[in-house]
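Q: So I've got this file, upload35.tsv, and it contains TSV, C-alpha atoms:
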chain	number	residue	atom	x	y	z
A	25	MET	CA	-2.03	6.17	16.49
A	26	ARG	CA	-1.93	6.59	12.72
A	27	VAL	CA	-4.02	4.05	10.79
A	28	MET	CA	-4.06	3.65	7.03
A	29	LEU	CA	-7.17	1.96	5.63
A	30	THR	CA	-6.84	0.64	2.11
A	31	SER	CA	-9.25	-1.01	-0.28
A	32	PRO	CA	-9.27	-1.97	-3.99
A	33	SER	CA	-12.66	-0.28	-4.36
A	34	MET	CA	-14.94	2.42	-3.05
A	35	GLU	CA	-17.97	1.14	-4.91
A	36	VAL	CA	-21.33	0.49	-3.25
A	37	GLY	CA	-20.42	-2.73	-1.52
A	38	GLY	CA	-20.47	-4.28	1.92
A	39	ALA	CA	-16.71	-4.38	2.54
A	40	GLU	CA	-16.43	-0.75	1.51
A	41	ARG	CA	-19.25	0.24	3.86
A	42	VAL	CA	-17.60	-1.56	6.76
A	43	MET	CA	-14.42	0.38	6.07
A	44	THR	CA	-16.12	3.77	6.03
A	45	LEU	CA	-18.03	3.00	9.23
A	46	LEU	CA	-14.74	2.01	10.85
A	47	ALA	CA	-12.97	5.12	9.56
A	48	ALA	CA	-15.61	7.45	10.98
A	49	GLU	CA	-15.59	5.72	14.37
A	50	LEU	CA	-11.78	5.72	14.57
A	51	VAL	CA	-11.69	9.46	13.88
A	52	LYS	CA	-14.21	9.99	16.69
A	53	ARG	CA	-11.85	8.12	19.01
A	54	GLY	CA	-8.88	10.32	18.14
A	55	TYR	CA	-7.06	8.25	15.53
A	56	GLU	CA	-5.33	9.84	12.54
A	57	VAL	CA	-6.91	8.05	9.59
A	58	THR	CA	-5.66	7.91	6.01
A	59	LEU	CA	-7.85	6.22	3.40
A	60	VAL	CA	-6.13	4.89	0.27
A	61	ALA	CA	-8.43	3.55	-2.46
A	62	PRO	CA	-9.72	4.42	-5.91
A	63	PRO	CA	-12.36	7.18	-5.86
A	64	GLY	CA	-15.94	5.93	-5.71
A	65	PRO	CA	-19.47	6.41	-4.35
A	66	ARG	CA	-18.50	5.32	-0.83
A	67	ASP	CA	-16.42	8.48	-0.46
A	68	GLY	CA	-19.76	10.15	0.21
A	69	ASP	CA	-20.04	8.18	3.46
A	70	LEU	CA	-17.17	10.21	4.90
A	71	GLY	CA	-18.42	13.71	4.22
A	72	GLY	CA	-17.60	15.75	7.30
A	73	VAL	CA	-15.21	13.10	8.69
A	74	THR	CA	-11.68	14.48	9.13
A	75	HIS	CA	-9.29	12.15	7.34
A	76	GLU	CA	-6.55	12.18	4.74
A	77	ARG	CA	-7.65	10.82	1.36
A	78	ILE	CA	-5.13	9.43	-1.13
A	79	ALA	CA	-6.48	8.23	-4.46
A	80	LEU	CA	-5.32	4.85	-5.69
A	81	HIS	CA	-5.73	3.91	-9.34
A	82	ASP	CA	-8.10	1.03	-9.98
A	83	SER	CA	-5.51	-1.57	-10.94
A	84	GLY	CA	-7.82	-4.34	-12.08
A	85	ARG	CA	-6.38	-7.85	-12.00
A	86	SER	CA	-3.37	-7.40	-14.30
A	87	ALA	CA	0.22	-7.74	-13.10
A	88	ALA	CA	0.97	-4.25	-14.39
A	89	GLY	CA	-2.00	-2.87	-12.49
A	90	ALA	CA	-0.91	-4.57	-9.26
A	91	THR	CA	2.60	-3.18	-9.68
A	92	ARG	CA	1.26	0.32	-10.17
A	93	ALA	CA	-0.99	0.04	-7.11
A	94	THR	CA	1.94	-1.24	-5.03
A	95	LEU	CA	4.16	1.69	-6.03
A	96	GLU	CA	1.37	4.18	-5.27
A	97	LEU	CA	0.90	2.60	-1.85
A	98	VAL	CA	4.65	2.71	-1.21
A	99	ARG	CA	4.56	6.48	-1.76
A	100	ALA	CA	1.49	6.83	0.49
A	101	ILE	CA	3.13	4.88	3.33
A	102	ARG	CA	6.31	6.92	3.10
A	103	ALA	CA	4.32	10.16	3.11
A	104	THR	CA	2.01	9.37	6.05
A	105	ARG	CA	4.13	6.92	8.12
A	106	PRO	CA	1.20	4.92	9.56
A	107	ASP	CA	1.58	2.68	12.58
A	108	VAL	CA	-0.90	0.17	11.11
A	109	VAL	CA	-1.98	-0.53	7.54
A	110	HIS	CA	-5.39	-2.19	7.47
A	111	GLY	CA	-6.33	-3.75	4.13
A	112	GLN	CA	-9.73	-4.99	3.05
A	113	ASN	CA	-9.64	-8.49	1.62
A	114	VAL	CA	-6.93	-10.46	-0.15
A	115	LYS	CA	-5.87	-8.22	-3.01
A	116	SER	CA	-5.57	-5.10	-0.90
A	117	ALA	CA	-3.75	-6.92	1.90
A	118	ALA	CA	-1.24	-8.52	-0.48
A	119	VAL	CA	-0.45	-5.21	-2.18
A	120	ALA	CA	-0.17	-3.49	1.21
A	121	GLY	CA	2.08	-6.24	2.55
A	122	ILE	CA	4.58	-5.77	-0.25
A	123	ALA	CA	4.32	-1.99	-0.18
A	124	ALA	CA	4.94	-1.79	3.57
A	125	ARG	CA	8.11	-3.86	3.28
A	126	VAL	CA	9.43	-1.74	0.41
A	127	ALA	CA	8.42	1.63	1.87
A	128	ARG	CA	9.93	1.21	5.35
A	129	PRO	CA	12.00	-1.98	5.53
A	130	ALA	CA	13.67	-1.10	8.82
A	131	ARG	CA	10.54	-0.08	10.75
A	132	ARG	CA	7.62	-1.11	8.64
A	133	PRO	CA	4.03	-0.53	9.78
A	134	ARG	CA	2.15	-3.55	11.05
A	135	LEU	CA	-0.31	-5.05	8.60
A	136	LEU	CA	-3.84	-6.20	9.42
A	137	ALA	CA	-6.10	-7.76	6.79
A	138	THR	CA	-9.85	-8.12	6.98
A	139	PHE	CA	-10.95	-11.24	5.10
A	140	HIS	CA	-14.53	-11.26	3.84
A	141	GLY	CA	-14.36	-14.64	2.11
A	142	VAL	CA	-13.73	-15.89	-1.43
A	143	LEU	CA	-14.87	-18.69	-3.69
A	144	PRO	CA	-14.17	-22.09	-2.10
A	145	ALA	CA	-11.60	-22.89	-4.80
A	146	GLU	CA	-9.65	-19.72	-3.95
A	147	TYR	CA	-9.06	-20.34	-0.26
A	148	ARG	CA	-5.65	-21.98	-0.61
A	149	SER	CA	-4.23	-19.20	-2.78
A	150	SER	CA	-5.79	-16.64	-0.44
A	151	ALA	CA	-4.18	-18.28	2.59
A	152	ARG	CA	-0.78	-18.02	0.89
A	153	LEU	CA	-1.20	-14.34	0.03
A	154	LEU	CA	-2.57	-13.47	3.47
A	155	ARG	CA	0.68	-14.71	5.04
A	156	LEU	CA	1.98	-11.26	4.04
A	157	ALA	CA	-0.24	-9.84	6.80
A	158	ASP	CA	0.76	-9.86	10.45
A	159	HIS	CA	-2.79	-10.82	11.38
A	160	VAL	CA	-6.06	-11.61	9.58
A	161	ALA	CA	-9.47	-10.63	10.94
A	162	CYS	CA	-12.10	-12.98	9.48
A	163	VAL	CA	-15.70	-11.79	9.36
A	164	SER	CA	-17.16	-15.06	10.64
A	165	ALA	CA	-16.06	-18.22	12.42
A	166	ASP	CA	-16.96	-20.26	9.32
A	167	VAL	CA	-14.65	-18.15	7.18
A	168	ARG	CA	-11.81	-18.37	9.71
A	169	GLU	CA	-12.16	-22.14	10.01
A	170	ARG	CA	-11.87	-22.64	6.26
A	171	LEU	CA	-8.97	-20.19	5.93
A	172	VAL	CA	-6.99	-21.95	8.66
A	173	ALA	CA	-7.76	-25.33	7.12
A	174	SER	CA	-6.38	-23.92	3.86
A	175	GLY	CA	-3.01	-23.14	5.40
A	176	LEU	CA	-3.04	-19.87	7.36
A	177	PRO	CA	-1.63	-20.41	10.89
A	178	GLY	CA	-4.46	-20.33	13.40
A	179	ALA	CA	-2.56	-18.00	15.72
A	180	ARG	CA	-2.62	-15.34	13.01
A	181	ALA	CA	-6.38	-15.38	12.45
A	182	SER	CA	-9.24	-14.21	14.62
A	183	VAL	CA	-12.90	-13.29	14.15
A	184	VAL	CA	-14.10	-9.69	13.96
A	185	ARG	CA	-17.68	-9.47	12.79
A	186	ASN	CA	-18.87	-6.74	10.47
A	187	ALA	CA	-21.24	-4.11	11.80
A	188	VAL	CA	-24.12	-1.91	10.69
A	189	GLU	CA	-25.77	1.21	11.99
A	190	ARG	CA	-29.19	1.10	13.60
A	191	ALA	CA	-31.99	1.04	11.05
A	192	GLU	CA	-34.28	4.04	10.76
A	193	PRO	CA	-37.92	2.89	10.97
A	194	LEU	CA	-39.73	2.89	7.64
A	195	THR	CA	-42.58	5.37	7.92
A	196	GLU	CA	-46.01	4.56	6.54
A	197	GLU	CA	-45.68	7.51	4.18
A	198	ARG	CA	-42.40	6.22	2.74
A	199	ARG	CA	-43.77	2.69	2.48
A	200	ALA	CA	-46.72	4.01	0.48
A	201	GLN	CA	-44.34	5.92	-1.81
A	202	LEU	CA	-42.29	2.81	-2.52
A	203	ASP	CA	-45.40	0.71	-3.07
A	204	SER	CA	-46.75	3.26	-5.53
A	205	GLU	CA	-43.47	3.62	-7.43
A	206	LEU	CA	-42.80	-0.10	-7.73
A	207	GLY	CA	-46.34	-1.49	-7.86
A	208	LEU	CA	-46.06	-3.35	-4.57
A	209	ALA	CA	-49.25	-2.40	-2.74
A	210	GLY	CA	-50.88	-5.49	-1.27
A	211	HIS	CA	-48.10	-7.81	-2.44
A	212	PRO	CA	-45.71	-9.89	-0.34
A	213	LEU	CA	-42.20	-8.84	-1.34
A	214	ALA	CA	-38.93	-10.73	-1.52
A	215	ILE	CA	-35.78	-8.95	-2.66
A	216	VAL	CA	-32.16	-9.71	-3.40
A	217	VAL	CA	-29.56	-6.96	-3.00
A	218	GLY	CA	-26.03	-6.99	-4.37
A	219	ARG	CA	-23.80	-6.86	-7.39
A	220	LEU	CA	-25.06	-8.73	-10.45
A	221	VAL	CA	-22.11	-11.10	-10.61
A	222	PRO	CA	-21.72	-14.91	-10.80
A	223	GLN	CA	-21.19	-15.31	-7.03
A	224	LYS	CA	-24.77	-14.20	-6.32
A	225	ALA	CA	-26.24	-16.92	-8.60
A	226	HIS	CA	-29.29	-14.94	-9.72
A	227	ALA	CA	-30.46	-17.84	-11.89
A	228	ARG	CA	-31.05	-19.72	-8.63
A	229	PHE	CA	-33.05	-16.76	-7.30
A	230	LEU	CA	-35.20	-16.73	-10.43
A	231	ARG	CA	-35.90	-20.44	-10.08
A	232	ALA	CA	-36.89	-19.78	-6.46
A	233	ALA	CA	-39.16	-16.94	-7.60
A	234	ALA	CA	-40.89	-19.29	-10.05
A	235	VAL	CA	-41.46	-21.83	-7.26
A	236	VAL	CA	-42.85	-19.14	-4.97
A	237	ALA	CA	-45.12	-17.82	-7.72
A	238	GLU	CA	-46.88	-21.18	-7.86
A	239	ARG	CA	-47.56	-21.17	-4.11
A	240	VAL	CA	-47.92	-17.41	-3.51
A	241	PRO	CA	-49.21	-15.96	-6.81
A	242	GLU	CA	-49.45	-12.43	-5.40
A	243	ALA	CA	-45.73	-12.34	-4.44
A	244	ARG	CA	-43.42	-9.83	-6.10
A	245	PHE	CA	-39.63	-9.78	-6.38
A	246	LEU	CA	-36.98	-7.07	-6.71
A	247	ILE	CA	-33.38	-7.50	-7.83
A	248	VAL	CA	-31.54	-4.46	-6.45
A	249	GLY	CA	-28.07	-3.70	-7.77
A	250	ASP	CA	-26.12	-3.59	-10.99
A	251	GLY	CA	-23.26	-5.40	-12.62
A	252	PRO	CA	-22.02	-7.18	-15.73
A	253	LEU	CA	-24.79	-9.81	-15.71
A	254	ARG	CA	-27.72	-7.40	-15.79
A	255	ALA	CA	-28.69	-8.00	-19.42
A	256	ASP	CA	-28.40	-11.78	-18.98
A	257	ILE	CA	-30.57	-11.73	-15.85
A	258	GLN	CA	-33.21	-9.59	-17.55
A	259	ALA	CA	-33.26	-12.04	-20.45
A	260	GLN	CA	-33.77	-14.91	-17.98
A	261	VAL	CA	-36.64	-13.03	-16.34
A	262	ASN	CA	-38.34	-12.55	-19.70
A	263	ALA	CA	-37.71	-16.11	-20.87
A	264	GLY	CA	-39.07	-17.52	-17.61
A	265	GLY	CA	-42.34	-15.63	-17.89
A	266	LEU	CA	-41.56	-13.64	-14.74
A	267	ALA	CA	-41.58	-10.12	-16.17
A	268	GLU	CA	-44.78	-9.16	-14.32
A	269	ARG	CA	-43.40	-10.40	-11.00
A	270	VAL	CA	-39.65	-9.69	-11.05
A	271	ARG	CA	-38.18	-6.22	-11.48
A	272	LEU	CA	-34.54	-5.21	-11.81
A	273	THR	CA	-34.17	-1.82	-10.13
A	274	GLY	CA	-30.49	-1.07	-10.67
A	275	VAL	CA	-28.52	0.56	-7.86
A	276	ARG	CA	-30.82	2.28	-5.38
A	277	PRO	CA	-29.63	4.86	-2.83
A	278	ASP	CA	-32.66	3.83	-0.75
A	279	ALA	CA	-31.73	0.13	-0.72
A	280	ARG	CA	-31.99	0.03	3.08
A	281	GLN	CA	-35.56	1.29	2.87
A	282	LEU	CA	-36.39	-1.38	0.29
A	283	ILE	CA	-34.94	-3.99	2.63
A	284	ALA	CA	-37.14	-2.64	5.44
A	285	ARG	CA	-40.18	-2.77	3.13
A	286	ALA	CA	-39.50	-6.37	2.13
A	287	ASP	CA	-41.02	-9.42	3.79
A	288	ALA	CA	-37.77	-11.30	3.20
A	289	LEU	CA	-34.26	-10.57	1.97
A	290	VAL	CA	-33.01	-13.49	-0.13
A	291	PHE	CA	-29.50	-14.77	-0.82
A	292	SER	CA	-29.14	-17.26	-3.65
A	293	SER	CA	-25.35	-17.05	-3.49
A	294	ASP	CA	-22.80	-19.76	-4.14
A	295	TRP	CA	-20.80	-18.29	-1.24
A	296	GLU	CA	-20.91	-15.41	1.22
A	297	GLY	CA	-18.73	-14.08	4.00
A	298	LEU	CA	-20.80	-11.92	6.30
A	299	SER	CA	-23.08	-9.82	4.13
A	300	ILE	CA	-23.71	-6.22	5.12
A	301	ALA	CA	-27.08	-6.40	3.34
A	302	ALA	CA	-28.00	-9.33	5.59
A	303	LEU	CA	-27.04	-7.37	8.70
A	304	GLU	CA	-29.05	-4.38	7.47
A	305	ALA	CA	-32.06	-6.67	7.02
A	306	LEU	CA	-31.76	-8.00	10.55
A	307	ALA	CA	-31.37	-4.46	11.90
A	308	ALA	CA	-34.61	-3.56	10.13
A	309	GLY	CA	-36.44	-6.65	11.43
A	310	THR	CA	-36.61	-8.24	7.96
A	311	PRO	CA	-36.11	-12.03	7.89
A	312	VAL	CA	-33.31	-13.46	5.75
A	313	VAL	CA	-33.72	-16.54	3.56
A	314	SER	CA	-30.43	-17.86	2.19
A	315	THR	CA	-28.66	-20.75	0.65
A	316	GLY	CA	-26.85	-22.67	3.37
A	317	VAL	CA	-23.41	-21.24	2.74
A	318	GLU	CA	-20.74	-20.41	5.31
A	319	GLY	CA	-21.20	-17.11	7.07
A	320	MET	CA	-24.95	-17.19	6.50
A	321	ARG	CA	-25.38	-20.47	8.39
A	322	GLU	CA	-23.62	-18.96	11.39
A	323	LEU	CA	-25.52	-15.66	11.19
A	324	LEU	CA	-28.97	-17.25	10.99
A	325	ALA	CA	-28.47	-20.08	13.46
A	326	GLY	CA	-30.23	-18.13	16.21
A	327	GLY	CA	-33.52	-17.85	14.35
A	328	ALA	CA	-33.25	-14.51	12.50
A	329	GLY	CA	-33.62	-16.33	9.21
A	330	VAL	CA	-33.51	-19.71	7.56
A	331	THR	CA	-31.26	-21.49	5.09
A	332	ALA	CA	-31.95	-23.90	2.24
A	333	PRO	CA	-29.76	-26.50	0.52
A	334	LEU	CA	-27.72	-25.49	-2.51
A	335	ASP	CA	-29.58	-26.76	-5.54
A	336	ASP	CA	-31.08	-25.14	-8.63
A	337	GLY	CA	-33.26	-22.90	-6.45
A	338	THR	CA	-36.20	-25.22	-5.87
A	339	ALA	CA	-35.37	-25.74	-2.19
A	340	LEU	CA	-34.77	-22.02	-1.73
A	341	GLY	CA	-38.14	-21.27	-3.32
A	342	ASN	CA	-40.00	-23.68	-1.09
A	343	VAL	CA	-38.39	-22.28	2.06
A	344	LEU	CA	-39.11	-18.72	0.92
A	345	ALA	CA	-42.75	-19.54	0.20
A	346	GLU	CA	-43.16	-20.94	3.70
A	347	VAL	CA	-41.77	-17.74	5.19
A	348	LEU	CA	-43.99	-15.50	3.06
A	349	LEU	CA	-47.07	-17.52	4.03
A	350	ASP	CA	-46.40	-17.28	7.79
A	351	PRO	CA	-46.63	-13.72	9.23
A	352	ALA	CA	-46.17	-14.91	12.82
A	353	ARG	CA	-42.94	-16.68	11.89
A	354	ARG	CA	-41.67	-13.56	10.11
A	355	TYR	CA	-42.40	-11.50	13.22
A	356	ARG	CA	-40.39	-13.89	15.41
A	357	MET	CA	-37.50	-13.86	12.93
A	358	GLY	CA	-37.58	-10.06	12.81
A	359	ALA	CA	-37.45	-9.77	16.59
A	360	ALA	CA	-34.55	-12.24	16.74
A	361	GLY	CA	-32.70	-10.24	14.10
A	362	THR	CA	-32.95	-6.86	15.78
A	363	ALA	CA	-31.87	-8.37	19.10
A	364	LEU	CA	-28.87	-10.03	17.45
A	365	ILE	CA	-27.70	-6.80	15.83
A	366	GLU	CA	-27.92	-4.91	19.11
A	367	ALA	CA	-25.97	-7.61	20.94
A	368	GLU	CA	-23.24	-8.56	18.48
A	369	PHE	CA	-22.98	-6.32	15.42
A	370	SER	CA	-22.71	-2.74	16.65
A	371	VAL	CA	-20.22	-0.31	15.11
A	372	ALA	CA	-18.80	0.37	18.57
A	373	GLY	CA	-18.23	-3.33	19.20
A	374	MET	CA	-16.52	-3.86	15.84
A	375	THR	CA	-14.26	-0.86	16.42
A	376	ASP	CA	-13.37	-2.07	19.92
A	377	ALA	CA	-12.21	-5.36	18.40
A	378	TYR	CA	-10.09	-3.64	15.75
A	379	GLU	CA	-8.62	-1.27	18.33
A	380	ALA	CA	-7.54	-4.25	20.39
A	381	LEU	CA	-5.83	-5.81	17.35
A	382	TYR	CA	-4.08	-2.53	16.49
A	383	GLY	CA	-2.78	-2.38	20.04
A	384	GLU	CA	-1.51	-5.96	19.98
A	385	LEU	CA	0.18	-5.51	16.61
A	386	THR	CA	1.98	-2.29	17.47
A	387	ALA	CA	3.14	-3.69	20.81
A	388	CYS	CA	5.09	-6.43	19.03
Using structure tokens, write down the structure from this file.
A:
Amino acid sequence: MRVMLTSPSMEVGGAERVMTLLAAELVKRGYEVTLVAPPGPRDGDLGGVTHERIALHDSGRSAAGATRATLELVRAIRATRPDVVHGQNVKSAAVAGIAARVARPARRPRLLATFHGVLPAEYRSSARLLRLADHVACVSADVRERLVASGLPGARASVVRNAVERAEPLTEERRAQLDSELGLAGHPLAIVVGRLVPQKAHARFLRAAAVVAERVPEARFLIVGDGPLRADIQAQVNAGGLAERVRLTGVRPDARQLIARADALVFSSDWEGLSIAALEALAAGTPVVSTGVEGMRELLAGGAGVTAPLDDGTALGNVLAEVLLDPARRYRMGAAGTALIEAEFSVAGMTDAYEALYGELTAC
């Protein structure tokens, strides 16, 4: 079977990582894989993996950009003649849906979309656009429930959870190196990992850090990632008197090791789908503390982490402080997390689910 995977980005993000993990596993299983996306850092994930790579221009959000991306995808579909086109998220799926119908109107490839979630206000428009797909794989039951409630027929939506690789244990030597570099020796550590964008609500994280600092003065905090809000977040750190406790690291190639070093991975987000960073934390035995948003509620219900109400960050800070002050609780959360990853979030299991959907779609 020929599968075309397409994405609007190959940046260092969770959806992109899921796609490269899937691509590598599909190639192992004998699929012919074409990847169509703008060039980016995630291309490095597929070094040594036999696949066809077609560069897509980064079209942005303009109508002209979307038109250009659609025409480029039309040419790619005509050239490779895939059986299935698998798009990541709404934009990619919508472009692929149009392109597939233009490229091969008589015998078009079947279209599968993976939906990672959007802002609550965008669900209705997303449901309309995702009707261009033959089927939508939602990354959590929460996300599927909201998408169906927003207008997508339930028969065309199922749940396929994201996956992560097993975590390499953090050696004592590497832990000491990180502690020395970042001034962490002897300090409880909470980190947040992700793009510095409005969705992640870093102001809420900084309020939580201030609350924790009152209860756990020795605690330290890392903000790992980059994005358009970096200068604003740094200004908030300075204005809040947190400069000695909170450090912005930028993008780190060793982010998984920092997650393993942390005592808690924190999500202050306004919304999430099923975060790859959260799965990587659970794989490493690191508890997750999150706002009680969809996707995260479902993931942490079994005890691998804890959620807090959405407020200005005070509730999140109090919950985080309780976790940092209780080593036995963190141990139990860590054990629950590693067990959950082994049982439900393996790369093999995710690929099995997508293989089944490919088979159902092409049999139609």
Q: To one decimal place, how far is atom CA of A:Arg219 from atom CA of A:Val312 in Å?
A: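 Straight-line distance from atom CA of A:Arg219 to atom CA of A:Val312 works out to 17.5 Å.
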Q: Pick the closest to A:Leu50 from A:Thr74, A:Leu230, A:Phe245, A:Gly68: which is it, counting all atoms listed in the file?
A: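 Going through A:Thr74, A:Leu230, A:Phe245, A:Gly68 one by one, the smallest distance to A:Leu50 is for A:Thr74.
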Q: For a cut-off of 10 Å around (-29.1, -10.7, -8.1), file coordinates, pick out all residues using all atoms listed in the file and list them as a PyMOL selection string.
A: chain A and resi 215-230+246-251+253-254+257+272+290-293
Q: Mind checking which residues fall within 9 Å of A:Asn186, counting all atoms listed in the file, ignoring those fewer than 2 positions away in the same chain, and posting them as a JSON list (two decimals) with C-alpha atoms, in the coordinates of the input?
A:
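To be explicit, this is the file written out as selection37.json:
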[["chain", "number", "residue", "atom", "x", "y", "z"],
["A", 39, "ALA", "CA", -16.71, -4.38, 2.54],
["A", 42, "VAL", "CA", -17.60, -1.56, 6.76],
["A", 163, "VAL", "CA", -15.70, -11.79, 9.36],
["A", 164, "SER", "CA", -17.16, -15.06, 10.64],
["A", 184, "VAL", "CA", -14.10, -9.69, 13.96],
["A", 188, "VAL", "CA", -24.12, -1.91, 10.69],
["A", 298, "LEU", "CA", -20.80, -11.92, 6.30],
["A", 299, "SER", "CA", -23.08, -9.82, 4.13],
["A", 300, "ILE", "CA", -23.71, -6.22, 5.12],
["A", 303, "LEU", "CA", -27.04, -7.37, 8.70],
["A", 369, "PHE", "CA", -22.98, -6.32, 15.42],
["A", 370, "SER", "CA", -22.71, -2.74, 16.65],
["A", 371, "VAL", "CA", -20.22, -0.31, 15.11],
["A", 374, "MET", "CA", -16.52, -3.86, 15.84]]
Q: As an exercise, work out the distance from atom CA of A:Gly38 to atom CA of A:Val270 in Å and give it to one decimal place.
A: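 One can read the atom CA of A:Gly38 to atom CA of A:Val270 distance as 23.8 Å.
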Q: Could you name the residues that touch A:Ile78 at 12 Å or less, counting all atoms listed in the file, but leaving out those on the same chain fewer than 3 positions away, as a list in words?
A: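 The residues satisfying every condition are Met28, Leu29, Thr30, Ser31, Val57, Thr58, Leu59, Val60, Ala61, Pro62, Pro63, Asp67, His75, His81, Ala93, Glu96, Leu97, Val98, Arg99, Ala100, Ile101, Ala103 and Thr104 of chain A.
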Q: Identify the residues around (-42.3, -6.0, -2.7) within a radius of 9 Å, measuring from all atoms listed in the file in the coordinates stated by the file, and give them as a ChimeraX atom specification.
A: /A:202-203,206-215,243-246,282,285-287
Q: Counting all atoms listed in the file, figure out which residue out of A:Leu70, A:Ala187, A:Leu136, A:Leu154 gets nearest to A:Ser174.
A: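 Smallest separation from A:Ser174 among the options: A:Leu154.
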Q: Taking into account all atoms listed in the file, which residue in the set A:Val73, A:Leu80, A:Ala325, A:Ala233 is nearest to A:Arg271?
A: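 Closest to A:Arg271 of all the choices is A:Ala233.
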Q: From the set A:Leu176, A:Ala87, A:Val27, A:Ala234, which residue has the shortest atom-to-atom contact distance to A:Ser149, counting all atoms listed in the file?
A: A:Leu176
Q: Looking at A:Glu368, A:Glu35, A:Asp69, A:Asp107, which one is nearest to A:Arg134, with distances taken over all atoms listed in the file?
A: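 Checking each candidate against A:Arg134, we get A:Asp107 as the closest.
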Q: With only C-alpha atoms as the basis for distance, which of A:Arg280, A:Lys52, A:Glu238, A:Met320 is at the shortest distance from A:Ala345?
A: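 Closest to A:Ala345, using only C-alpha atoms: A:Glu238.
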Q: Can you tell me how far atom CA of A:Val317 sits from atom CA of A:Pro144, in Å to one decimal?
A: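 One can read the atom CA of A:Val317 to atom CA of A:Pro144 distance as 10.5 Å.
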Q: What lies within 7 Å of stretch 117-124 of chain A using only C-alpha atoms, ignoring chain neighbours under 5 positions off, as an MDAnalysis selection string?
A: chainID A and resid 94:95 97:98 101 111:112 132:133 135 137 153:154 156:157
Q: Let me have the centre and edge lengths of the axis-aligned box enclosing all listed atoms of stretch 316-327 of chain A with 8 Å padding on every side, in Å to one decimal, as JSON.
A:
{"center_x": -27.1, "center_y": -19.2, "center_z": 9.5, "size_x": 28.8, "size_y": 23.0, "size_z": 29.5}
